[in-house]
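*Asks:* Following this line is model-v4.txt, made up of compact mmCIF, C-alpha atoms and all ligand atoms:
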# COMPACT_ATOMS: atom_id res chain seq x y z
CA MET Z 1387 -17.98 -12.47 -24.50
CA SER Z 1388 -19.57 -9.29 -25.68
CA GLU Z 1389 -20.29 -8.87 -29.37
CA THR Z 1390 -20.44 -5.09 -29.34
CA ARG Z 1391 -18.76 -3.65 -32.40
CA ILE Z 1392 -17.10 -0.43 -31.53
CA GLY Z 1393 -15.83 0.40 -34.98
CA MET Z 1394 -12.09 0.34 -34.40
CA HIS Z 1395 -10.38 1.77 -37.41
CA GLU Z 1396 -7.62 -0.75 -37.58
CA LEU Z 1397 -8.69 -4.38 -37.50
CA ASP Z 1398 -5.34 -5.35 -36.07
CA THR Z 1399 -5.96 -3.06 -33.09
CA GLU Z 1400 -9.29 -4.62 -32.32
CA ALA Z 1401 -7.89 -8.17 -32.65
CA CYS Z 1402 -5.00 -7.45 -30.28
CA LEU Z 1403 -7.32 -5.78 -27.78
CA ARG Z 1404 -9.89 -8.56 -27.79
CA SER Z 1405 -7.30 -11.30 -27.50
CA ALA Z 1406 -5.41 -9.47 -24.69
CA THR Z 1407 -2.21 -9.56 -26.74
CA PRO Z 1408 0.38 -7.04 -25.54
CA PHE Z 1409 0.94 -4.59 -28.38
CA LEU Z 1410 1.93 -1.08 -29.31
CA TRP Z 1411 -0.76 1.20 -30.72
CA LEU Z 1412 0.32 4.34 -32.53
CA ASN Z 1413 -2.09 7.24 -32.57
CA THR Z 1414 -2.62 8.28 -36.19
CA GLU Z 1415 -4.56 11.35 -35.04
CA ALA Z 1416 -1.57 12.79 -33.18
CA THR Z 1417 -0.68 16.24 -34.48
CA PRO Z 1418 2.78 17.78 -34.18
CA GLN Z 1419 1.66 21.01 -32.55
CA GLU Z 1420 -1.55 21.50 -30.68
CA PRO Z 1421 -3.13 24.95 -30.25
CA ASP Z 1422 -3.40 25.35 -26.53
CA ASP Z 1423 -6.52 25.45 -24.48
CA ASP Z 1424 -6.09 28.90 -22.90
CA GLN Z 1425 -8.32 28.44 -19.88
CA LEU Z 1426 -6.70 25.14 -18.99
CA CYS Z 1427 -3.24 26.65 -19.40
CA GLN Z 1428 -4.14 29.41 -16.94
CA ASP Z 1429 -5.41 26.78 -14.54
CA VAL Z 1430 -2.11 24.89 -14.83
CA ASP Z 1431 -0.19 28.10 -14.06
CA ALA Z 1432 -2.42 28.64 -11.03
CA ALA Z 1433 -1.81 25.06 -9.86
CA GLU Z 1434 1.98 25.49 -10.14
CA HIS Z 1435 1.73 28.68 -8.14
CA ARG Z 1436 -0.57 27.15 -5.53
CA LEU Z 1437 1.67 24.13 -4.99
CA ALA Z 1438 4.67 26.43 -4.61
CA ARG Z 1439 2.77 28.48 -2.04
CA ALA Z 1440 1.70 25.37 -0.14
CA GLY Z 1441 5.19 24.50 1.14
CA SER Z 1442 4.81 26.30 4.46
CA LEU Z 1443 1.35 24.78 5.03
CA LEU Z 1444 2.61 21.26 4.34
CA SER Z 1445 5.60 21.63 6.63
CA ARG Z 1446 3.23 22.74 9.41
CA LEU Z 1447 0.87 19.82 8.80
CA PHE Z 1448 3.66 17.27 8.53
CA PRO Z 1449 6.46 18.46 10.81
CA GLU Z 1450 8.33 15.14 10.79
CA PRO Z 1451 11.76 15.88 9.34
CA GLN Z 1452 11.70 15.20 5.63
CA ASP Z 1453 12.44 16.64 2.27
CA ALA Z 1454 11.01 20.15 2.22
CA ARG Z 1455 9.78 19.71 -1.34
CA PHE Z 1456 6.50 17.99 -0.61
CA CYS Z 1457 5.08 17.85 -4.10
CA MET Z 1458 8.17 16.95 -6.10
CA SER Z 1459 10.22 13.89 -6.99
CA ASN Z 1460 13.74 13.25 -8.27
CA LEU Z 1461 14.70 12.69 -11.88
CA SER Z 1462 17.36 9.97 -11.69
CA ALA Z 1463 19.91 8.89 -14.24
CA THR Z 1464 20.29 5.18 -15.06
CA HIS Z 1465 23.11 3.11 -16.51
CA ILE Z 1466 21.20 3.06 -19.80
CA GLU Z 1467 22.23 5.93 -22.01
CA ASN Z 1468 19.71 8.78 -22.17
CA THR Z 1469 17.17 6.89 -20.06
CA LEU Z 1470 15.96 8.61 -16.91
CA ILE Z 1471 13.54 7.66 -14.16
CA LYS Z 1472 11.03 10.17 -12.81
CA CYS Z 1473 10.68 8.87 -9.26
CA ASP Z 1474 7.06 9.58 -8.35
CA HIS Z 1475 7.03 6.22 -6.56
CA ALA Z 1476 8.98 8.10 -3.89
CA MET Z 1477 6.69 11.12 -3.61
CA PRO Z 1478 6.76 12.30 0.02
CA LEU Z 1479 3.86 11.30 2.31
CA ALA Z 1480 1.59 9.62 -0.24
CA GLY Z 1481 4.18 7.42 -2.00
CA SER Z 1482 2.63 7.83 -5.42
CA ILE Z 1483 1.91 10.19 -8.29
CA LYS Z 1484 -1.50 10.80 -6.65
CA ALA Z 1485 0.19 13.21 -4.25
CA ARG Z 1486 0.35 15.71 -7.13
CA GLY Z 1487 -3.30 15.90 -8.12
CA GLY Z 1488 -4.75 14.88 -4.76
CA PHE Z 1489 -2.83 17.36 -2.62
CA HIS Z 1490 -3.49 20.10 -5.13
CA GLU Z 1491 -7.24 19.58 -5.21
CA VAL Z 1492 -7.60 19.37 -1.43
CA ILE Z 1493 -5.46 22.47 -0.88
CA ALA Z 1494 -7.37 24.36 -3.60
CA LEU Z 1495 -10.66 23.41 -1.99
CA ALA Z 1496 -9.45 24.37 1.50
CA GLU Z 1497 -8.27 27.69 0.13
CA ARG Z 1498 -11.63 28.42 -1.55
CA LEU Z 1499 -13.60 27.52 1.57
CA ALA Z 1500 -11.31 29.57 3.81
CA LEU Z 1501 -11.51 32.57 1.46
CA ARG Z 1502 -15.28 32.43 1.52
CA ALA Z 1503 -15.25 32.23 5.32
CA GLY Z 1504 -12.82 35.15 5.57
CA LEU Z 1505 -10.10 33.05 7.20
CA ILE Z 1506 -7.48 34.05 4.63
CA THR Z 1507 -6.94 36.70 1.98
CA GLU Z 1508 -6.45 36.25 -1.77
CA ASN Z 1509 -2.95 34.83 -2.44
CA GLY Z 1510 -2.32 34.97 1.31
CA ASP Z 1511 -0.09 32.65 3.32
CA LEU Z 1512 -1.58 29.16 3.14
CA ALA Z 1513 0.13 28.19 6.42
CA VAL Z 1514 -2.84 29.87 8.12
CA LEU Z 1515 -4.90 26.85 7.06
CA ALA Z 1516 -3.07 24.76 9.68
CA ARG Z 1517 -4.32 26.94 12.55
CA PRO Z 1518 -6.81 25.50 15.06
CA ASP Z 1519 -9.62 27.85 13.94
CA ALA Z 1520 -9.24 26.71 10.33
CA ARG Z 1521 -9.15 23.10 11.48
CA ALA Z 1522 -12.38 23.52 13.43
CA PHE Z 1523 -13.95 25.09 10.34
CA PHE Z 1524 -12.84 22.26 8.01
CA ALA Z 1525 -14.21 19.69 10.46
CA LYS Z 1526 -17.69 20.81 9.41
CA HIS Z 1527 -16.95 19.75 5.83
CA THR Z 1528 -16.60 16.34 4.27
CA ILE Z 1529 -14.26 15.41 1.45
CA SER Z 1530 -14.98 12.17 -0.35
CA VAL Z 1531 -13.41 10.30 -3.24
CA GLY Z 1532 -13.67 7.03 -5.16
CA SER Z 1533 -10.42 5.15 -5.67
CA THR Z 1534 -8.62 1.90 -6.49
CA GLY Z 1535 -6.26 2.77 -3.64
CA ASN Z 1536 -3.64 5.44 -4.20
CA LEU Z 1537 -5.90 8.42 -4.85
CA GLY Z 1538 -7.80 7.57 -1.68
CA LEU Z 1539 -4.51 7.31 0.19
CA SER Z 1540 -3.32 10.69 -1.02
CA ILE Z 1541 -6.62 12.51 -0.41
CA GLY Z 1542 -7.08 10.79 2.94
CA ILE Z 1543 -3.63 11.83 4.16
CA ILE Z 1544 -3.92 15.52 3.30
CA ALA Z 1545 -7.63 15.99 4.00
CA SER Z 1546 -7.48 14.37 7.44
CA ALA Z 1547 -4.35 16.39 8.29
CA LEU Z 1548 -6.30 19.59 7.55
CA GLY Z 1549 -9.16 18.41 9.75
CA PHE Z 1550 -11.76 17.51 7.11
CA ARG Z 1551 -14.08 14.60 7.62
CA THR Z 1552 -12.92 12.20 4.95
CA VAL Z 1553 -14.68 9.34 3.20
CA VAL Z 1554 -12.88 7.08 0.73
CA HIS Z 1555 -14.91 4.74 -1.47
CA MET Z 1556 -12.61 1.86 -2.40
CA SER Z 1557 -13.11 -0.46 -5.36
CA ARG Z 1558 -12.59 -4.21 -4.99
CA ASP Z 1559 -9.04 -3.76 -6.35
CA ALA Z 1560 -7.80 -1.75 -3.38
CA LYS Z 1561 -5.12 -3.51 -1.35
CA ASP Z 1562 -5.89 -4.13 2.33
CA TRP Z 1563 -2.80 -2.29 3.55
CA LYS Z 1564 -3.97 0.89 1.82
CA LYS Z 1565 -7.35 0.67 3.57
CA LYS Z 1566 -5.70 0.03 6.92
CA ARG Z 1567 -3.37 3.01 6.60
CA LEU Z 1568 -6.33 5.27 6.01
CA ARG Z 1569 -8.38 3.88 8.86
CA ASP Z 1570 -5.39 4.42 11.15
CA ARG Z 1571 -5.66 8.12 10.26
CA GLY Z 1572 -9.33 8.26 11.12
CA VAL Z 1573 -10.54 8.14 7.53
CA ASN Z 1574 -13.90 6.48 6.86
CA VAL Z 1575 -13.14 3.76 4.29
CA VAL Z 1576 -16.19 2.35 2.48
CA GLU Z 1577 -15.48 -0.91 0.65
CA HIS Z 1578 -17.35 -1.72 -2.54
CA ASP Z 1579 -17.56 -5.10 -4.18
CA GLY Z 1580 -17.33 -3.58 -7.64
CA ASP Z 1581 -14.90 -1.86 -9.93
CA TYR Z 1582 -13.51 1.64 -9.85
CA GLY Z 1583 -16.39 3.15 -11.82
CA LEU Z 1584 -18.84 1.78 -9.28
CA ALA Z 1585 -16.86 3.19 -6.32
CA VAL Z 1586 -16.78 6.60 -8.01
CA ASP Z 1587 -20.52 6.50 -8.70
CA ALA Z 1588 -21.29 5.55 -5.11
CA GLY Z 1589 -19.15 8.40 -3.79
CA ARG Z 1590 -20.61 10.91 -6.22
CA LYS Z 1591 -24.17 9.98 -5.22
CA GLN Z 1592 -23.51 10.06 -1.50
CA ALA Z 1593 -21.77 13.43 -1.70
CA ALA Z 1594 -24.56 14.93 -3.83
CA ALA Z 1595 -26.96 14.35 -0.95
CA ASP Z 1596 -24.83 16.36 1.52
CA PRO Z 1597 -24.44 20.15 1.02
CA GLN Z 1598 -21.27 20.20 3.16
CA ALA Z 1599 -19.64 17.44 1.12
CA HIS Z 1600 -17.15 17.88 -1.67
CA PHE Z 1601 -16.60 14.95 -4.01
CA ILE Z 1602 -13.22 14.68 -5.71
CA ASP Z 1603 -14.14 13.38 -9.12
CA ASP Z 1604 -11.26 11.59 -10.82
CA GLU Z 1605 -13.20 11.36 -14.08
CA ARG Z 1606 -13.96 15.08 -14.36
CA SER Z 1607 -11.88 17.18 -11.98
CA VAL Z 1608 -9.85 20.07 -13.37
CA ASP Z 1609 -8.12 20.64 -10.01
CA LEU Z 1610 -6.75 17.09 -10.09
CA LEU Z 1611 -5.68 17.36 -13.71
CA THR Z 1612 -3.86 20.66 -13.24
CA GLY Z 1613 -2.11 19.39 -10.10
CA TYR Z 1614 -0.68 16.58 -12.22
CA ALA Z 1615 0.09 18.92 -15.11
CA ALA Z 1616 2.27 21.04 -12.82
CA ALA Z 1617 4.78 18.15 -12.92
CA ALA Z 1618 5.67 19.16 -16.49
CA ARG Z 1619 7.38 22.42 -15.44
CA GLU Z 1620 9.18 20.53 -12.68
CA ILE Z 1621 10.66 17.93 -15.02
CA ALA Z 1622 11.48 20.56 -17.66
CA GLU Z 1623 13.61 22.36 -15.07
CA GLN Z 1624 15.23 19.12 -13.96
CA LEU Z 1625 16.12 18.16 -17.54
CA ASP Z 1626 17.61 21.57 -18.06
CA GLN Z 1627 19.63 21.36 -14.83
CA GLN Z 1628 20.94 17.96 -15.91
CA GLY Z 1629 22.19 19.33 -19.19
CA TYR Z 1630 19.58 17.98 -21.57
CA SER Z 1631 18.22 20.23 -24.20
CA VAL Z 1632 14.96 18.95 -25.63
CA GLY Z 1633 14.55 19.81 -29.31
CA GLU Z 1634 14.94 18.57 -32.88
CA ASP Z 1635 18.04 16.49 -32.14
CA GLN Z 1636 17.02 15.49 -28.65
CA PRO Z 1637 13.31 14.65 -28.60
CA LEU Z 1638 11.78 13.67 -25.29
CA PHE Z 1639 9.91 10.37 -24.90
CA VAL Z 1640 7.84 10.01 -21.74
CA HIS Z 1641 6.33 6.70 -20.65
CA ILE Z 1642 3.52 6.85 -18.08
CA PRO Z 1643 1.18 4.13 -16.74
CA CYS Z 1644 -2.45 5.10 -17.33
CA GLY Z 1645 -5.57 4.28 -15.35
CA VAL Z 1646 -8.55 6.63 -15.67
CA GLY Z 1647 -6.13 9.02 -17.34
CA GLY Z 1648 -6.02 11.99 -14.96
CA ALA Z 1649 -2.40 11.70 -13.89
CA ALA Z 1650 -0.99 10.54 -17.20
CA GLY Z 1651 -3.18 12.92 -19.21
CA GLY Z 1652 -2.44 15.92 -17.01
CA ILE Z 1653 1.29 15.39 -17.31
CA ALA Z 1654 1.08 14.84 -21.08
CA PHE Z 1655 -0.96 18.03 -21.46
CA GLY Z 1656 1.63 19.97 -19.46
CA LEU Z 1657 4.54 18.51 -21.42
CA LYS Z 1658 2.96 19.19 -24.82
CA ARG Z 1659 2.43 22.75 -23.76
CA ILE Z 1660 6.10 23.19 -22.94
CA PHE Z 1661 7.82 21.04 -25.57
CA GLY Z 1662 5.27 20.86 -28.41
CA ARG Z 1663 6.31 18.56 -31.26
CA HIS Z 1664 9.57 17.65 -29.49
CA VAL Z 1665 7.83 15.55 -26.85
CA TYR Z 1666 6.28 12.15 -27.51
CA CYS Z 1667 3.97 10.88 -24.79
CA PHE Z 1668 3.30 7.15 -24.51
CA PHE Z 1669 0.94 5.58 -21.99
CA ILE Z 1670 0.92 2.00 -20.76
CA GLU Z 1671 -2.26 0.10 -19.85
CA PRO Z 1672 -2.91 -3.51 -18.73
CA VAL Z 1673 -4.24 -5.87 -21.43
CA ALA Z 1674 -7.38 -6.37 -19.31
CA SER Z 1675 -8.00 -2.63 -18.72
CA PRO Z 1676 -6.91 -0.64 -21.78
CA CYS Z 1677 -9.64 1.94 -21.23
CA LEU Z 1678 -8.05 4.99 -22.84
CA LEU Z 1679 -6.87 2.94 -25.81
CA VAL Z 1680 -10.36 1.55 -26.36
CA GLN Z 1681 -11.82 5.06 -26.14
CA LEU Z 1682 -9.32 6.65 -28.53
CA ALA Z 1683 -9.20 3.77 -31.03
CA SER Z 1684 -13.01 3.70 -31.23
CA ARG Z 1685 -12.97 7.41 -32.21
CA SER Z 1686 -16.34 7.59 -30.50
CA GLN Z 1687 -17.56 10.75 -28.76
CA SER Z 1688 -19.54 8.68 -26.29
CA PRO Z 1689 -18.07 6.48 -23.55
CA VAL Z 1690 -16.79 3.03 -24.57
CA SER Z 1691 -15.59 0.65 -21.88
CA VAL Z 1692 -13.28 -2.36 -21.91
CA TYR Z 1693 -16.32 -4.51 -21.01
CA ASP Z 1694 -17.83 -3.51 -24.36
CA ILE Z 1695 -15.16 -5.54 -26.13
CA GLY Z 1696 -15.32 -8.51 -23.78
CA LEU Z 1697 -12.39 -7.70 -21.46
CA ASP Z 1698 -12.76 -8.25 -17.71
CA ASN Z 1699 -10.77 -5.37 -16.14
CA ARG Z 1700 -8.99 -7.79 -13.79
CA THR Z 1701 -5.34 -6.97 -13.21
CA GLU Z 1702 -2.74 -6.99 -10.44
CA ALA Z 1703 -1.98 -3.38 -11.39
CA ASP Z 1704 -4.56 -1.99 -8.97
CA GLY Z 1705 -3.82 1.62 -9.89
CA LEU Z 1706 -4.64 0.89 -13.53
CA ALA Z 1707 -7.74 -1.27 -13.04
CA VAL Z 1708 -10.16 1.11 -14.73
CA ALA Z 1709 -12.74 0.06 -17.34
CA GLN Z 1710 -13.82 3.48 -18.57
CA ALA Z 1711 -11.40 6.35 -19.22
CA SER Z 1712 -12.09 9.94 -18.28
CA MET Z 1713 -13.85 11.53 -21.27
CA MET Z 1714 -12.21 14.84 -20.41
CA VAL Z 1715 -8.78 13.24 -20.68
CA ALA Z 1716 -9.70 11.26 -23.80
CA SER Z 1717 -10.60 14.46 -25.61
CA LEU Z 1718 -7.39 16.19 -24.51
CA MET Z 1719 -5.28 13.20 -25.59
CA ARG Z 1720 -6.94 12.62 -28.97
CA THR Z 1721 -4.32 14.68 -30.79
CA ARG Z 1722 -1.62 15.01 -28.12
CA LEU Z 1723 -0.83 11.37 -27.33
CA SER Z 1724 1.69 9.48 -29.51
CA GLY Z 1725 0.64 5.98 -28.55
CA ILE Z 1726 -0.29 3.39 -25.96
CA CYS Z 1727 1.23 0.01 -25.27
CA THR Z 1728 -0.53 -2.74 -23.37
CA VAL Z 1729 1.07 -5.14 -20.87
CA SER Z 1730 0.06 -8.51 -19.48
CA ASP Z 1731 0.23 -9.13 -15.74
CA ALA Z 1732 3.05 -11.63 -16.38
CA GLN Z 1733 5.02 -8.86 -18.09
CA LEU Z 1734 4.26 -6.50 -15.21
CA PHE Z 1735 5.79 -8.89 -12.71
CA ALA Z 1736 8.83 -9.46 -14.94
CA LEU Z 1737 9.28 -5.69 -15.18
CA LEU Z 1738 8.82 -5.33 -11.42
CA LEU Z 1739 11.59 -7.87 -10.85
CA SER Z 1740 13.99 -6.31 -13.33
CA SER Z 1741 13.36 -2.80 -12.01
CA HIS Z 1742 14.28 -4.10 -8.56
CA ARG Z 1743 17.36 -6.00 -9.72
CA ASP Z 1744 18.69 -3.63 -12.37
CA PHE Z 1745 17.75 -0.26 -10.92
CA GLY Z 1746 17.30 -1.00 -7.21
CA LEU Z 1747 13.76 0.33 -7.35
CA ASP Z 1748 10.98 -0.55 -4.96
CA ILE Z 1749 7.83 0.11 -6.92
CA GLU Z 1750 4.35 -1.36 -7.20
CA PRO Z 1751 3.15 -3.41 -10.22
CA SER Z 1752 1.21 -0.46 -11.68
CA ALA Z 1753 4.39 1.61 -11.72
CA ALA Z 1754 6.47 -1.18 -13.26
CA ALA Z 1755 4.25 -0.86 -16.33
CA ALA Z 1756 6.19 2.28 -17.30
CA PHE Z 1757 9.21 0.16 -18.24
CA ALA Z 1758 7.20 -1.42 -21.04
CA GLY Z 1759 7.19 1.83 -23.02
CA PRO Z 1760 10.80 1.91 -24.25
CA LEU Z 1761 10.77 -1.89 -24.68
CA ALA Z 1762 7.67 -1.81 -26.88
CA LEU Z 1763 9.23 0.92 -29.00
CA SER Z 1764 12.40 -1.11 -29.49
CA SER Z 1765 10.92 -4.61 -29.78
CA SER Z 1766 7.84 -4.17 -31.97
CA PRO Z 1767 8.12 -3.64 -35.75
CA ARG Z 1768 5.80 -0.65 -35.44
CA GLY Z 1769 7.86 0.89 -32.66
CA ARG Z 1770 11.11 0.42 -34.53
CA ALA Z 1771 9.64 2.03 -37.64
CA PHE Z 1772 8.39 4.94 -35.54
CA MET Z 1773 11.83 5.53 -34.04
CA ALA Z 1774 13.55 5.16 -37.41
CA ASN Z 1775 11.31 7.83 -38.91
CA LEU Z 1776 12.13 10.43 -36.29
CA GLY Z 1777 14.33 12.40 -38.61
CA SER Z 1778 17.90 13.47 -38.42
CA VAL Z 1779 20.66 10.89 -37.99
CA ARG Z 1780 21.97 12.94 -35.09
CA CYS Z 1781 18.67 12.46 -33.32
CA LYS Z 1782 19.25 11.10 -29.80
CA PRO Z 1783 15.99 10.65 -27.93
CA ILE Z 1784 15.77 10.96 -24.16
CA HIS Z 1785 13.46 8.40 -22.53
CA VAL Z 1786 11.79 9.16 -19.22
CA ILE Z 1787 10.23 6.23 -17.38
CA TRP Z 1788 7.65 7.60 -14.95
CA THR Z 1789 7.52 5.28 -11.92
CA THR Z 1790 4.19 6.19 -10.39
CA GLY Z 1791 3.96 4.48 -7.00
CA GLY Z 1792 5.42 2.15 -4.42
CA ALA Z 1793 7.24 3.89 -1.57
CA LEU Z 1794 4.60 2.96 1.02
CA VAL Z 1795 4.25 -0.71 0.05
CA PRO Z 1796 4.89 -2.75 3.23
CA ASP Z 1797 8.00 -5.01 3.13
CA ILE Z 1798 5.94 -8.17 3.39
CA GLU Z 1799 3.87 -7.21 0.33
CA ARG Z 1800 7.00 -6.30 -1.57
CA GLN Z 1801 8.59 -9.67 -0.78
CA ARG Z 1802 5.45 -11.47 -1.88
CA SER Z 1803 5.37 -9.65 -5.22
CA LEU Z 1804 9.04 -10.34 -5.90
CA GLU Z 1805 8.62 -14.02 -5.03
CA ARG Z 1806 5.68 -14.22 -7.35
CA ALA Z 1807 7.67 -12.45 -10.05
CA ASN Z 1808 10.47 -14.99 -9.67
CA GLY Z 1809 8.11 -17.77 -10.61
CA ILE Z 1810 6.84 -16.09 -13.77
CA ALA Z 1811 8.42 -16.36 -17.18
CA ALA Z 1812 7.23 -13.62 -19.48
CA GLU Z 1813 8.25 -12.70 -22.99
CA LEU Z 1814 9.19 -9.08 -23.10
CA ASP Z 1815 8.29 -8.27 -26.65
CA TRP Z 1816 5.36 -6.51 -28.18
CA ARG Z 1817 3.29 -6.92 -31.32
C1 LIG M 1901 -3.48 6.07 -10.30
C2 LIG M 1901 -2.21 5.48 -10.71
C3 LIG M 1901 -1.79 5.52 -12.05
C4 LIG M 1901 -2.62 6.10 -13.15
O1 LIG M 1901 -3.14 7.36 -12.96
P1 LIG M 1901 -4.53 7.75 -13.63
O2 LIG M 1901 -4.82 9.11 -13.17
O3 LIG M 1901 -5.53 6.77 -13.10
O4 LIG M 1901 -4.35 7.59 -15.09
C5 LIG M 1901 -0.57 4.95 -12.34
N1 LIG M 1901 0.20 4.37 -11.40
C6 LIG M 1901 -0.17 4.33 -10.11
C7 LIG M 1901 0.73 3.69 -9.12
C8 LIG M 1901 -1.38 4.88 -9.73
O5 LIG M 1901 -1.75 4.82 -8.45
As structure tokens - that is how I would like this structure written.
*Replies:*
Amino acid sequence: MSETRIGMHELDTEACLRSATPFLWLNTEATPQEPDDDQLCQDVDAAEHRLARAGSLLSRLFPEPQDARFCMSNLSATHIENTLIKCDHAMPLAGSIKARGGFHEVIALAERLALRAGLITENGDLAVLARPDARAFFAKHTISVGSTGNLGLSIGIIASALGFRTVVHMSRDAKDWKKKRLRDRGVNVVEHDGDYGLAVDAGRKQAAADPQAHFIDDERSVDLLTGYAAAAREIAEQLDQQGYSVGEDQPLFVHIPCGVGGAAGGIAFGLKRIFGRHVYCFFIEPVASPCLLVQLASRSQSPVSVYDIGLDNRTEADGLAVAQASMMVASLMRTRLSGICTVSDAQLFALLLSSHRDFGLDIEPSAAAAFAGPLALSSSPRGRAFMANLGSVRCKPIHVIWTTGGALVPDIERQRSLERANGIAAELDWR
């Protein structure tokens, strides 16, 4: 057990973190309206535009009949009033939220390389990138990435389809079926007997030694972040189409599972930009891997990891098994995030089971974490006080549960998880 003091401002927070007690943390540094980061906003606009332009390229690369909207998911109603599910677990091709950032970064990179080589023109038709000459050109380049599973899957699928040599450095958390799927596509999967941070470091080092290699850096990449952030415009349009009008009387609550923070942080940045003080973003992290919470609660400008407070970063939520949050995301979330709730693995399995039974969803444990958000707000004293203080009596919040992955999970794995969940009794309340 580490004795490092990290100077948490609330003793209660530190006690709950150290004892792995599921709890709701409210961010006292959240500000109602954040002045926007202009450069990043322009980059988000460019990402939205790029993903829209990529439709023809993606339908060439993946001609199997499927939904033409490759980088979008449905926003589904539920039987619970004003609670919606953003179905990123069903993202086409990659089966997870990682399709957003991962596809965007690989396409952006392919576009830059092709522009430099004179294969396309500025803002030209990206479908050209599927031509044999472009493919032969990409085959001289390597794309590599470090991952706990889903990012590697997403990058591997799109990069190998474009013809890139692709190397995925997998942490010990990665499920075997994810590795196998990639190897079946000709991707070089390197297995590491260490955590996510170690896999990322290994990939970063190897790529630095090769001038033709491009490393997709989940801890620092703007192209990943903006690909995720583009989801904000998408959901804003869907809410509008479904007759919701986010504002004073109808604030939006969004609940997103958080690993290193890129996906969750990108989306929260995009949503804050659109909805300002009318959107409340809550992240969910495993009790063993609350990396963003540890970083934000420490108020430190230097990296603090979950190991520093004696946690082991061991969780069944492979997508969330990250010990050290992205510092880029931590700084963006410092004033934009409303709070974080932590979940135990037992709670994750209980939520997985109920999401299957009550909503007919087939999601992975990491994604089931999202369901903890609304429950923590309604079951903890702190959450209830937060909701009661929202303002007008007419106030009717909309809750969006962001299910982040699961469509590709093999049936046998799914059965195993549900059986395991059946044998677990978990209390679904939060401190
Ligand atoms: C990666 C992942 C997350 C978290 O995304 P980060 O960018 O790591 O914060 C959540 N759910 C699933 C299923 C994931 O694969």
*Asks:* Quick one: residues within 7 Å of ligand LIG 1901 (chain M), with all atoms listed in the file, as a ChimeraX atom specification?
*Replies:* /Z:1482-1484,1535-1537,1643-1651,1705-1706,1750,1752-1753,1790-1792
*Asks:* Residues within 12 Å of Z:Ala1703, please, as a tab-separated table (two decimals) with C-alpha atoms, in the frame of the given file. Count only C-alpha atoms; anything in the same chain fewer than 3 positions from it doesn't count.
*Replies:*
chain	number	residue	atom	x	y	z
Z	1534	THR	CA	-8.62	1.90	-6.49
Z	1535	GLY	CA	-6.26	2.77	-3.64
Z	1536	ASN	CA	-3.64	5.44	-4.20
Z	1559	ASP	CA	-9.04	-3.76	-6.35
Z	1560	ALA	CA	-7.80	-1.75	-3.38
Z	1561	LYS	CA	-5.12	-3.51	-1.35
Z	1643	PRO	CA	1.18	4.13	-16.74
Z	1644	CYS	CA	-2.45	5.10	-17.33
Z	1645	GLY	CA	-5.57	4.28	-15.35
Z	1670	ILE	CA	0.92	2.00	-20.76
Z	1671	GLU	CA	-2.26	0.10	-19.85
Z	1672	PRO	CA	-2.91	-3.51	-18.73
Z	1673	VAL	CA	-4.24	-5.87	-21.43
Z	1674	ALA	CA	-7.38	-6.37	-19.31
Z	1675	SER	CA	-8.00	-2.63	-18.72
Z	1676	PRO	CA	-6.91	-0.64	-21.78
Z	1699	ASN	CA	-10.77	-5.37	-16.14
Z	1700	ARG	CA	-8.99	-7.79	-13.79
Z	1706	LEU	CA	-4.64	0.89	-13.53
Z	1707	ALA	CA	-7.74	-1.27	-13.04
Z	1708	VAL	CA	-10.16	1.11	-14.73
Z	1729	VAL	CA	1.07	-5.14	-20.87
Z	1730	SER	CA	0.06	-8.51	-19.48
Z	1731	ASP	CA	0.23	-9.13	-15.74
Z	1732	ALA	CA	3.05	-11.63	-16.38
Z	1733	GLN	CA	5.02	-8.86	-18.09
Z	1734	LEU	CA	4.26	-6.50	-15.21
Z	1735	PHE	CA	5.79	-8.89	-12.71
Z	1738	LEU	CA	8.82	-5.33	-11.42
Z	1749	ILE	CA	7.83	0.11	-6.92
Z	1750	GLU	CA	4.35	-1.36	-7.20
Z	1751	PRO	CA	3.15	-3.41	-10.22
Z	1752	SER	CA	1.21	-0.46	-11.68
Z	1753	ALA	CA	4.39	1.61	-11.72
Z	1754	ALA	CA	6.47	-1.18	-13.26
Z	1755	ALA	CA	4.25	-0.86	-16.33
Z	1756	ALA	CA	6.19	2.28	-17.30
Z	1790	THR	CA	4.19	6.19	-10.39
Z	1791	GLY	CA	3.96	4.48	-7.00
Z	1792	GLY	CA	5.42	2.15	-4.42
Z	1803	SER	CA	5.37	-9.65	-5.22
*Asks:* Which of these residues is nearest to Z:Ile1726, using all atoms listed in the file: Z:Gly1538, Z:Gly1769, Z:Gly1696, Z:Gly1746?
*Replies:* Z:Gly1769
*Asks:* Would you kindly return, as an mmCIF file with C-alpha atoms, in the frame of the given file, each protein, DNA or RNA residue with an atom no farther than 8 Å from any atom of stretch 1808-1815 of chain Z, considering only C-alpha atoms and excluding same-chain residues fewer than 2 positions away?
*Replies:*
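File result_22.cif, as written:
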data_model
loop_
_atom_site.group_PDB
_atom_site.id
_atom_site.type_symbol
_atom_site.label_atom_id
_atom_site.label_comp_id
_atom_site.auth_asym_id
_atom_site.auth_seq_id
_atom_site.Cartn_x
_atom_site.Cartn_y
_atom_site.Cartn_z
ATOM 1 C CA ALA Z 1732 3.050 -11.630 -16.380
ATOM 2 C CA GLN Z 1733 5.020 -8.860 -18.090
ATOM 3 C CA PHE Z 1735 5.790 -8.890 -12.710
ATOM 4 C CA ALA Z 1736 8.830 -9.460 -14.940
ATOM 5 C CA LEU Z 1739 11.590 -7.870 -10.850
ATOM 6 C CA LEU Z 1761 10.770 -1.890 -24.680
ATOM 7 C CA ALA Z 1762 7.670 -1.810 -26.880
ATOM 8 C CA SER Z 1765 10.920 -4.610 -29.780
ATOM 9 C CA SER Z 1766 7.840 -4.170 -31.970
ATOM 10 C CA LEU Z 1804 9.040 -10.340 -5.900
ATOM 11 C CA GLU Z 1805 8.620 -14.020 -5.030
ATOM 12 C CA ARG Z 1806 5.680 -14.220 -7.350
ATOM 13 C CA ARG Z 1817 3.290 -6.920 -31.320
#
